[in-house]
$ cat protein-v5.txt   # compact mmCIF, N, CA and C atoms
# COMPACT_ATOMS: atom_id res chain seq x y z
N MET A 22 -34.45 268.54 152.92
CA MET A 22 -35.31 269.66 153.22
C MET A 22 -36.47 269.72 152.23
N LYS A 23 -36.20 269.43 150.96
CA LYS A 23 -37.26 269.45 149.95
C LYS A 23 -38.31 268.38 150.23
N ILE A 24 -37.86 267.23 150.76
CA ILE A 24 -38.78 266.15 151.06
C ILE A 24 -39.74 266.57 152.17
N ILE A 25 -39.22 267.24 153.19
CA ILE A 25 -40.07 267.71 154.30
C ILE A 25 -41.08 268.71 153.79
N ALA A 26 -40.65 269.62 152.94
CA ALA A 26 -41.57 270.62 152.38
C ALA A 26 -42.65 269.95 151.53
N ALA A 27 -42.25 268.95 150.74
CA ALA A 27 -43.22 268.24 149.91
C ALA A 27 -44.23 267.48 150.77
N LEU A 28 -43.75 266.85 151.84
CA LEU A 28 -44.66 266.15 152.75
C LEU A 28 -45.62 267.12 153.42
N ALA A 29 -45.14 268.29 153.78
CA ALA A 29 -46.00 269.29 154.40
C ALA A 29 -47.10 269.73 153.44
N VAL A 30 -46.74 269.94 152.18
CA VAL A 30 -47.73 270.34 151.18
C VAL A 30 -48.76 269.24 150.97
N ILE A 31 -48.31 268.00 150.90
CA ILE A 31 -49.23 266.87 150.73
C ILE A 31 -50.16 266.77 151.93
N SER A 32 -49.62 266.93 153.13
CA SER A 32 -50.45 266.86 154.34
C SER A 32 -51.51 267.95 154.35
N LEU A 33 -51.11 269.17 153.99
CA LEU A 33 -52.06 270.27 153.95
C LEU A 33 -53.14 270.04 152.90
N ALA A 34 -52.74 269.53 151.74
CA ALA A 34 -53.70 269.26 150.68
C ALA A 34 -54.68 268.16 151.11
N SER A 35 -54.17 267.14 151.77
CA SER A 35 -55.04 266.06 152.26
C SER A 35 -56.00 266.57 153.31
N ALA A 36 -55.51 267.41 154.21
CA ALA A 36 -56.38 267.97 155.26
C ALA A 36 -57.45 268.86 154.65
N ALA A 37 -57.09 269.64 153.66
CA ALA A 37 -58.07 270.52 153.00
C ALA A 37 -59.12 269.69 152.28
N ALA A 38 -58.69 268.64 151.59
CA ALA A 38 -59.63 267.78 150.88
C ALA A 38 -60.56 267.08 151.87
N TYR A 39 -60.01 266.62 152.98
CA TYR A 39 -60.81 265.95 154.00
C TYR A 39 -61.84 266.92 154.58
N ALA A 40 -61.41 268.15 154.86
CA ALA A 40 -62.31 269.15 155.43
C ALA A 40 -63.44 269.47 154.46
N GLN A 41 -63.14 269.50 153.17
CA GLN A 41 -64.16 269.81 152.19
C GLN A 41 -65.18 268.68 152.04
N GLU A 42 -64.77 267.46 152.35
CA GLU A 42 -65.66 266.31 152.24
C GLU A 42 -66.62 266.19 153.42
N GLN A 43 -66.38 266.94 154.48
CA GLN A 43 -67.23 266.84 155.65
C GLN A 43 -68.63 267.31 155.29
N PRO A 44 -69.62 266.58 155.72
CA PRO A 44 -70.99 266.88 155.32
C PRO A 44 -71.58 268.05 156.08
N GLN A 45 -72.51 268.71 155.42
CA GLN A 45 -73.35 269.68 156.10
C GLN A 45 -74.62 268.94 156.48
N GLN A 46 -75.14 269.24 157.63
CA GLN A 46 -76.31 268.53 158.12
C GLN A 46 -77.27 269.52 158.78
N SER A 47 -78.49 269.08 158.95
CA SER A 47 -79.48 269.94 159.61
C SER A 47 -79.25 269.91 161.12
N PHE A 48 -79.70 270.96 161.76
CA PHE A 48 -79.62 271.07 163.21
C PHE A 48 -80.39 269.91 163.86
N LYS A 49 -81.53 269.60 163.31
CA LYS A 49 -82.38 268.52 163.83
C LYS A 49 -81.65 267.17 163.73
N THR A 50 -80.98 266.91 162.62
CA THR A 50 -80.23 265.67 162.43
C THR A 50 -79.10 265.55 163.44
N ILE A 51 -78.39 266.64 163.64
CA ILE A 51 -77.25 266.64 164.57
C ILE A 51 -77.72 266.37 166.00
N LEU A 52 -78.80 267.03 166.41
CA LEU A 52 -79.33 266.77 167.75
C LEU A 52 -79.80 265.32 167.87
N GLY A 53 -80.40 264.79 166.80
CA GLY A 53 -80.86 263.40 166.80
C GLY A 53 -79.74 262.39 166.92
N LYS A 54 -78.53 262.79 166.51
CA LYS A 54 -77.37 261.90 166.62
C LYS A 54 -76.72 261.96 167.99
N GLY A 55 -77.28 262.77 168.88
CA GLY A 55 -76.78 262.80 170.25
C GLY A 55 -75.76 263.89 170.54
N TYR A 56 -75.62 264.87 169.67
CA TYR A 56 -74.71 265.98 169.95
C TYR A 56 -75.29 266.84 171.07
N ASP A 57 -74.42 267.42 171.88
CA ASP A 57 -74.82 268.32 172.95
C ASP A 57 -74.45 269.75 172.56
N ILE A 58 -75.34 270.69 172.86
CA ILE A 58 -75.04 272.10 172.61
C ILE A 58 -74.03 272.54 173.66
N LYS A 59 -72.90 273.07 173.20
CA LYS A 59 -71.84 273.53 174.10
C LYS A 59 -71.86 275.04 174.27
N SER A 60 -72.27 275.76 173.21
CA SER A 60 -72.34 277.21 173.34
C SER A 60 -73.28 277.78 172.29
N VAL A 61 -73.87 278.92 172.64
CA VAL A 61 -74.67 279.71 171.72
C VAL A 61 -74.12 281.12 171.82
N THR A 62 -73.62 281.65 170.71
CA THR A 62 -72.97 282.95 170.70
C THR A 62 -73.67 283.89 169.75
N PHE A 63 -73.95 285.09 170.22
CA PHE A 63 -74.53 286.12 169.37
C PHE A 63 -73.39 286.89 168.73
N ALA A 64 -73.48 287.12 167.43
CA ALA A 64 -72.44 287.86 166.72
C ALA A 64 -73.08 288.90 165.81
N LYS A 65 -72.49 290.07 165.78
CA LYS A 65 -72.91 291.12 164.86
C LYS A 65 -71.70 292.01 164.63
N GLY A 66 -71.40 292.26 163.38
CA GLY A 66 -70.25 293.10 163.09
C GLY A 66 -69.68 292.78 161.73
N GLU A 67 -68.42 293.09 161.58
CA GLU A 67 -67.74 292.93 160.29
C GLU A 67 -67.75 291.48 159.81
N ALA A 68 -67.55 290.54 160.72
CA ALA A 68 -67.49 289.13 160.34
C ALA A 68 -68.82 288.59 159.82
N THR A 69 -69.92 289.23 160.20
CA THR A 69 -71.25 288.78 159.77
C THR A 69 -71.91 289.78 158.84
N ASP A 70 -71.12 290.65 158.22
CA ASP A 70 -71.65 291.71 157.36
C ASP A 70 -72.69 292.54 158.10
N ASN A 71 -72.45 292.75 159.38
CA ASN A 71 -73.30 293.55 160.27
C ASN A 71 -74.70 292.96 160.45
N ARG A 72 -74.84 291.67 160.17
CA ARG A 72 -76.11 290.97 160.40
C ARG A 72 -76.09 290.32 161.78
N GLU A 73 -77.24 290.29 162.42
CA GLU A 73 -77.36 289.63 163.72
C GLU A 73 -77.42 288.12 163.49
N THR A 74 -76.44 287.41 164.03
CA THR A 74 -76.29 285.98 163.78
C THR A 74 -76.03 285.24 165.09
N PHE A 75 -76.59 284.05 165.19
CA PHE A 75 -76.27 283.16 166.31
C PHE A 75 -75.42 282.02 165.78
N VAL A 76 -74.33 281.74 166.49
CA VAL A 76 -73.45 280.63 166.16
C VAL A 76 -73.61 279.60 167.27
N VAL A 77 -74.05 278.40 166.90
CA VAL A 77 -74.30 277.34 167.88
C VAL A 77 -73.25 276.26 167.69
N THR A 78 -72.54 275.95 168.76
CA THR A 78 -71.49 274.94 168.73
C THR A 78 -71.97 273.71 169.48
N LEU A 79 -71.85 272.55 168.82
CA LEU A 79 -72.28 271.29 169.41
C LEU A 79 -71.12 270.30 169.39
N GLN A 80 -71.16 269.32 170.29
CA GLN A 80 -70.09 268.32 170.35
C GLN A 80 -70.65 266.96 170.72
N LYS A 81 -70.06 265.94 170.11
CA LYS A 81 -70.31 264.55 170.48
C LYS A 81 -68.97 263.83 170.42
N GLU A 82 -68.47 263.46 171.56
CA GLU A 82 -67.14 262.87 171.68
C GLU A 82 -66.12 263.80 171.04
N LYS A 83 -65.41 263.36 169.99
CA LYS A 83 -64.41 264.20 169.36
C LYS A 83 -64.93 264.96 168.14
N SER A 84 -66.19 264.77 167.82
CA SER A 84 -66.81 265.42 166.67
C SER A 84 -67.43 266.75 167.09
N VAL A 85 -67.28 267.75 166.24
CA VAL A 85 -67.80 269.09 166.52
C VAL A 85 -68.66 269.54 165.36
N ALA A 86 -69.76 270.22 165.69
CA ALA A 86 -70.63 270.80 164.67
C ALA A 86 -70.82 272.28 165.01
N VAL A 87 -70.83 273.11 163.97
CA VAL A 87 -71.07 274.54 164.13
C VAL A 87 -72.22 274.91 163.22
N CYS A 88 -73.25 275.53 163.80
CA CYS A 88 -74.45 275.90 163.05
C CYS A 88 -74.62 277.40 163.09
N TYR A 89 -75.11 277.94 161.99
CA TYR A 89 -75.30 279.39 161.85
C TYR A 89 -76.77 279.70 161.61
N PHE A 90 -77.28 280.68 162.36
CA PHE A 90 -78.68 281.08 162.23
C PHE A 90 -78.78 282.60 162.25
N ALA A 91 -79.58 283.18 161.36
CA ALA A 91 -79.93 284.58 161.48
C ALA A 91 -80.75 284.71 162.75
N ALA A 92 -80.64 285.83 163.43
CA ALA A 92 -81.31 286.01 164.73
C ALA A 92 -82.79 285.66 164.69
N PRO A 93 -83.57 286.16 163.71
CA PRO A 93 -85.00 285.80 163.70
C PRO A 93 -85.24 284.30 163.54
N ASN A 94 -84.36 283.62 162.78
CA ASN A 94 -84.51 282.17 162.59
C ASN A 94 -84.22 281.41 163.88
N TRP A 95 -83.21 281.84 164.62
CA TRP A 95 -82.88 281.17 165.88
C TRP A 95 -84.00 281.38 166.89
N ILE A 96 -84.57 282.56 166.88
CA ILE A 96 -85.65 282.86 167.83
C ILE A 96 -86.90 282.04 167.50
N SER A 97 -87.24 281.93 166.22
CA SER A 97 -88.47 281.21 165.84
C SER A 97 -88.29 279.70 165.80
N LEU A 98 -87.12 279.22 165.40
CA LEU A 98 -86.82 277.79 165.27
C LEU A 98 -87.94 277.02 164.56
N SER A 99 -88.30 277.50 163.41
CA SER A 99 -89.34 276.83 162.63
C SER A 99 -88.81 275.49 162.09
N SER A 100 -89.71 274.62 161.70
CA SER A 100 -89.33 273.30 161.17
C SER A 100 -88.42 273.43 159.95
N SER A 101 -88.72 274.38 159.08
CA SER A 101 -87.89 274.53 157.87
C SER A 101 -86.46 274.93 158.22
N VAL A 102 -86.29 275.73 159.26
CA VAL A 102 -84.94 276.13 159.69
C VAL A 102 -84.24 274.94 160.34
N LEU A 103 -84.94 274.21 161.20
CA LEU A 103 -84.33 273.07 161.89
C LEU A 103 -83.95 271.95 160.94
N GLU A 104 -84.64 271.84 159.82
CA GLU A 104 -84.40 270.75 158.86
C GLU A 104 -83.58 271.18 157.65
N ASP A 105 -83.08 272.41 157.65
CA ASP A 105 -82.24 272.90 156.54
C ASP A 105 -80.89 272.20 156.59
N SER A 106 -80.61 271.38 155.57
CA SER A 106 -79.41 270.54 155.58
C SER A 106 -78.11 271.32 155.34
N LYS A 107 -78.19 272.59 155.05
CA LYS A 107 -76.96 273.38 154.83
C LYS A 107 -76.71 274.34 155.98
N ARG A 108 -77.34 274.12 157.10
CA ARG A 108 -77.27 275.01 158.25
C ARG A 108 -76.03 274.78 159.10
N CYS A 109 -75.53 273.55 159.15
CA CYS A 109 -74.46 273.19 160.08
C CYS A 109 -73.29 272.49 159.37
N ASP A 110 -72.08 272.82 159.82
CA ASP A 110 -70.88 272.15 159.34
C ASP A 110 -70.42 271.18 160.43
N VAL A 111 -70.05 269.97 160.02
CA VAL A 111 -69.65 268.93 160.97
C VAL A 111 -68.21 268.52 160.69
N ARG A 112 -67.43 268.39 161.73
CA ARG A 112 -66.04 267.90 161.64
C ARG A 112 -65.90 266.70 162.54
N TYR A 113 -65.37 265.61 161.98
CA TYR A 113 -65.20 264.37 162.75
C TYR A 113 -63.81 264.22 163.28
$ encode --input "protein-v5.txt" --output "structure tokens"
Amino acid sequence: MKIIAALAVISLASAAAYAQEQPQQSFKTILGKGYDIKSVTFAKGEATDNRETFVVTLQKEKSVAVCYFAAPNWISLSSSVLEDSKRCDVRY
């Protein structure tokens, strides 16, 4: 039983380390790699500190990217916003 618990802890630690190593990329870079936008969701409330936020979910095969934009930034889509390398989280 202790071996199973130890393996579970190691697996969780490895998964957490792997998730932390996943790169953040710009929205423009992700689109350039061929990701497709799957959803655009407007959020406002406790989860966003009552700020108006758009959450954009993209997918390419088994890889998923989630990008976060303040409402005015999503509406304007300026070059600086599209090229901000900390805008999107990618999971392979």
$ atom_distance --input "protein-v5.txt" --atom1 "atom N of Glu82 in chain A" --atom2 "atom C of Gly53 in chain A"
12.2 Å
$ atom_distance --input "protein-v5.txt" --atom1 "CA of Ser84 in chain A" --atom2 "CA of Ser97 in chain A"
26.8 Å
$ atom_distance --input "protein-v5.txt" --atom1 "atom C of Asn94 in chain A" --atom2 "atom N of Phe75 in chain A"
8.2 Å
$ residues_near_point --input "protein-v5.txt" --point "(-61.6, 265.9, 162.3)" --cutoff "7 Å" --atoms "all atoms listed in the file" --output "count of residues only"
4
$ closest_residue --input "protein-v5.txt" --among "A:Val111, A:Ile58, A:Cys88, A:Leu98" --to "Val76 in chain A" --atoms "only C-alpha atoms"
A:Cys88
$ residues_around --input "protein-v5.txt" --residues "Glu104 in chain A" --least-positions-apart "6" --cutoff "7 Å" --atoms "all atoms listed in the file" --output "list in words"
Gln46, Ser47, Phe48, Lys49 and Thr50 of chain A
$ closest_residue --input "protein-v5.txt" --among "A:Tyr56, A:Arg72, A:Lys107, A:Leu79" --to "Ala91 in chain A" --atoms "all atoms listed in the file"
A:Arg72
$ closest_residue --input "protein-v5.txt" --among "A:Gln45, A:Pro93, A:Lys81, A:Thr74" --to "Arg108 in chain A" --atoms "only C-alpha atoms"
A:Gln45
$ axis_aligned_box --input "protein-v5.txt" --around "range 66-85 of chain A" --padding-each-side "3 Å" --output "AutoDock Vina command-line options"
--center_x -70.9 --center_y 278.2 --center_z 164.5 --size_x 19.0 --size_y 36.7 --size_z 20.3
$ select_by_dssp --input "protein-v5.txt" --residues "range 52-84 of chain A" --states "strand (DSSP E or B)" --output "list of chain:residue names"
A:Asp57, A:Ile58, A:Lys59, A:Ser60, A:Val61, A:Thr62, A:Phe63, A:Ala64, A:Thr74, A:Phe75, A:Val76, A:Val77, A:Thr78, A:Leu79, A:Gln80, A:Lys81, A:Ser84
$ write_last_selection --input "protein-v5.txt" --atoms "N, CA and C atoms" --output "PDB file, keeping the file's coordinate frame"
ATOM      1  N   ASP A  57     -74.420 267.420 171.880  1.00  0.00           N
ATOM      2  CA  ASP A  57     -74.820 268.320 172.950  1.00  0.00           C
ATOM      3  C   ASP A  57     -74.450 269.750 172.560  1.00  0.00           C
ATOM      4  N   ILE A  58     -75.340 270.690 172.860  1.00  0.00           N
ATOM      5  CA  ILE A  58     -75.040 272.100 172.610  1.00  0.00           C
ATOM      6  C   ILE A  58     -74.030 272.540 173.660  1.00  0.00           C
ATOM      7  N   LYS A  59     -72.900 273.070 173.200  1.00  0.00           N
ATOM      8  CA  LYS A  59     -71.840 273.530 174.100  1.00  0.00           C
ATOM      9  C   LYS A  59     -71.860 275.040 174.270  1.00  0.00           C
ATOM     10  N   SER A  60     -72.270 275.760 173.210  1.00  0.00           N
ATOM     11  CA  SER A  60     -72.340 277.210 173.340  1.00  0.00           C
ATOM     12  C   SER A  60     -73.280 277.780 172.290  1.00  0.00           C
ATOM     13  N   VAL A  61     -73.870 278.920 172.640  1.00  0.00           N
ATOM     14  CA  VAL A  61     -74.670 279.710 171.720  1.00  0.00           C
ATOM     15  C   VAL A  61     -74.120 281.120 171.820  1.00  0.00           C
ATOM     16  N   THR A  62     -73.620 281.650 170.710  1.00  0.00           N
ATOM     17  CA  THR A  62     -72.970 282.950 170.700  1.00  0.00           C
ATOM     18  C   THR A  62     -73.670 283.890 169.750  1.00  0.00           C
ATOM     19  N   PHE A  63     -73.950 285.090 170.220  1.00  0.00           N
ATOM     20  CA  PHE A  63     -74.530 286.120 169.370  1.00  0.00           C
ATOM     21  C   PHE A  63     -73.390 286.890 168.730  1.00  0.00           C
ATOM     22  N   ALA A  64     -73.480 287.120 167.430  1.00  0.00           N
ATOM     23  CA  ALA A  64     -72.440 287.860 166.720  1.00  0.00           C
ATOM     24  C   ALA A  64     -73.080 288.900 165.810  1.00  0.00           C
ATOM     25  N   THR A  74     -76.440 287.410 164.030  1.00  0.00           N
ATOM     26  CA  THR A  74     -76.290 285.980 163.780  1.00  0.00           C
ATOM     27  C   THR A  74     -76.030 285.240 165.090  1.00  0.00           C
ATOM     28  N   PHE A  75     -76.590 284.050 165.190  1.00  0.00           N
ATOM     29  CA  PHE A  75     -76.270 283.160 166.310  1.00  0.00           C
ATOM     30  C   PHE A  75     -75.420 282.020 165.780  1.00  0.00           C
ATOM     31  N   VAL A  76     -74.330 281.740 166.490  1.00  0.00           N
ATOM     32  CA  VAL A  76     -73.450 280.630 166.160  1.00  0.00           C
ATOM     33  C   VAL A  76     -73.610 279.600 167.270  1.00  0.00           C
ATOM     34  N   VAL A  77     -74.050 278.400 166.900  1.00  0.00           N
ATOM     35  CA  VAL A  77     -74.300 277.340 167.880  1.00  0.00           C
ATOM     36  C   VAL A  77     -73.250 276.260 167.690  1.00  0.00           C
ATOM     37  N   THR A  78     -72.540 275.950 168.760  1.00  0.00           N
ATOM     38  CA  THR A  78     -71.490 274.940 168.730  1.00  0.00           C
ATOM     39  C   THR A  78     -71.970 273.710 169.480  1.00  0.00           C
ATOM     40  N   LEU A  79     -71.850 272.550 168.820  1.00  0.00           N
ATOM     41  CA  LEU A  79     -72.280 271.290 169.410  1.00  0.00           C
ATOM     42  C   LEU A  79     -71.120 270.300 169.390  1.00  0.00           C
ATOM     43  N   GLN A  80     -71.160 269.320 170.290  1.00  0.00           N
ATOM     44  CA  GLN A  80     -70.090 268.320 170.350  1.00  0.00           C
ATOM     45  C   GLN A  80     -70.650 266.960 170.720  1.00  0.00           C
ATOM     46  N   LYS A  81     -70.060 265.940 170.110  1.00  0.00           N
ATOM     47  CA  LYS A  81     -70.310 264.550 170.480  1.00  0.00           C
ATOM     48  C   LYS A  81     -68.970 263.830 170.420  1.00  0.00           C
ATOM     49  N   SER A  84     -66.190 264.770 167.820  1.00  0.00           N
ATOM     50  CA  SER A  84     -66.810 265.420 166.670  1.00  0.00           C
ATOM     51  C   SER A  84     -67.430 266.750 167.090  1.00  0.00           C
TER      52      SER A  84
END
$ select_by_dssp --input "protein-v5.txt" --residues "range 47-93 of chain A" --states "helix (DSSP H, G or I)" --output "MDAnalysis selection string"
chainID A and resid 48:53 67:69 92:93
$ residues_near_point --input "protein-v5.txt" --point "(-74.7, 285.6, 165.8)" --cutoff "8 Å" --atoms "all atoms listed in the file" --output "list in words"
Val61, Thr62, Phe63, Ala64, Lys65, Gly66, Thr69, Arg72, Glu73, Thr74, Phe75, Val76, Val77, Tyr89, Phe90, Ala91 and Ala92 of chain A
$ write_last_selection --input "protein-v5.txt" --atoms "N, CA and C atoms" --output "mmCIF file, in the frame of the given file"
data_model
loop_
_atom_site.group_PDB
_atom_site.id
_atom_site.type_symbol
_atom_site.label_atom_id
_atom_site.label_comp_id
_atom_site.auth_asym_id
_atom_site.auth_seq_id
_atom_site.Cartn_x
_atom_site.Cartn_y
_atom_site.Cartn_z
ATOM 1 N N VAL A 61 -73.870 278.920 172.640
ATOM 2 C CA VAL A 61 -74.670 279.710 171.720
ATOM 3 C C VAL A 61 -74.120 281.120 171.820
ATOM 4 N N THR A 62 -73.620 281.650 170.710
ATOM 5 C CA THR A 62 -72.970 282.950 170.700
ATOM 6 C C THR A 62 -73.670 283.890 169.750
ATOM 7 N N PHE A 63 -73.950 285.090 170.220
ATOM 8 C CA PHE A 63 -74.530 286.120 169.370
ATOM 9 C C PHE A 63 -73.390 286.890 168.730
ATOM 10 N N ALA A 64 -73.480 287.120 167.430
ATOM 11 C CA ALA A 64 -72.440 287.860 166.720
ATOM 12 C C ALA A 64 -73.080 288.900 165.810
ATOM 13 N N LYS A 65 -72.490 290.070 165.780
ATOM 14 C CA LYS A 65 -72.910 291.120 164.860
ATOM 15 C C LYS A 65 -71.700 292.010 164.630
ATOM 16 N N GLY A 66 -71.400 292.260 163.380
ATOM 17 C CA GLY A 66 -70.250 293.100 163.090
ATOM 18 C C GLY A 66 -69.680 292.780 161.730
ATOM 19 N N THR A 69 -69.920 289.230 160.200
ATOM 20 C CA THR A 69 -71.250 288.780 159.770
ATOM 21 C C THR A 69 -71.910 289.780 158.840
ATOM 22 N N ARG A 72 -74.840 291.670 160.170
ATOM 23 C CA ARG A 72 -76.110 290.970 160.400
ATOM 24 C C ARG A 72 -76.090 290.320 161.780
ATOM 25 N N GLU A 73 -77.240 290.290 162.420
ATOM 26 C CA GLU A 73 -77.360 289.630 163.720
ATOM 27 C C GLU A 73 -77.420 288.120 163.490
ATOM 28 N N THR A 74 -76.440 287.410 164.030
ATOM 29 C CA THR A 74 -76.290 285.980 163.780
ATOM 30 C C THR A 74 -76.030 285.240 165.090
ATOM 31 N N PHE A 75 -76.590 284.050 165.190
ATOM 32 C CA PHE A 75 -76.270 283.160 166.310
ATOM 33 C C PHE A 75 -75.420 282.020 165.780
ATOM 34 N N VAL A 76 -74.330 281.740 166.490
ATOM 35 C CA VAL A 76 -73.450 280.630 166.160
ATOM 36 C C VAL A 76 -73.610 279.600 167.270
ATOM 37 N N VAL A 77 -74.050 278.400 166.900
ATOM 38 C CA VAL A 77 -74.300 277.340 167.880
ATOM 39 C C VAL A 77 -73.250 276.260 167.690
ATOM 40 N N TYR A 89 -75.110 277.940 161.990
ATOM 41 C CA TYR A 89 -75.300 279.390 161.850
ATOM 42 C C TYR A 89 -76.770 279.700 161.610
ATOM 43 N N PHE A 90 -77.280 280.680 162.360
ATOM 44 C CA PHE A 90 -78.680 281.080 162.230
ATOM 45 C C PHE A 90 -78.780 282.600 162.250
ATOM 46 N N ALA A 91 -79.580 283.180 161.360
ATOM 47 C CA ALA A 91 -79.930 284.580 161.480
ATOM 48 C C ALA A 91 -80.750 284.710 162.750
ATOM 49 N N ALA A 92 -80.640 285.830 163.430
ATOM 50 C CA ALA A 92 -81.310 286.010 164.730
ATOM 51 C C ALA A 92 -82.790 285.660 164.690
#
$ residues_around --input "protein-v5.txt" --residues "Thr78 in chain A" --least-positions-apart "3" --cutoff "5 Å" --atoms "only N, CA and C atoms" --output "PyMOL selection string"
chain A and resi 58-60+86-87
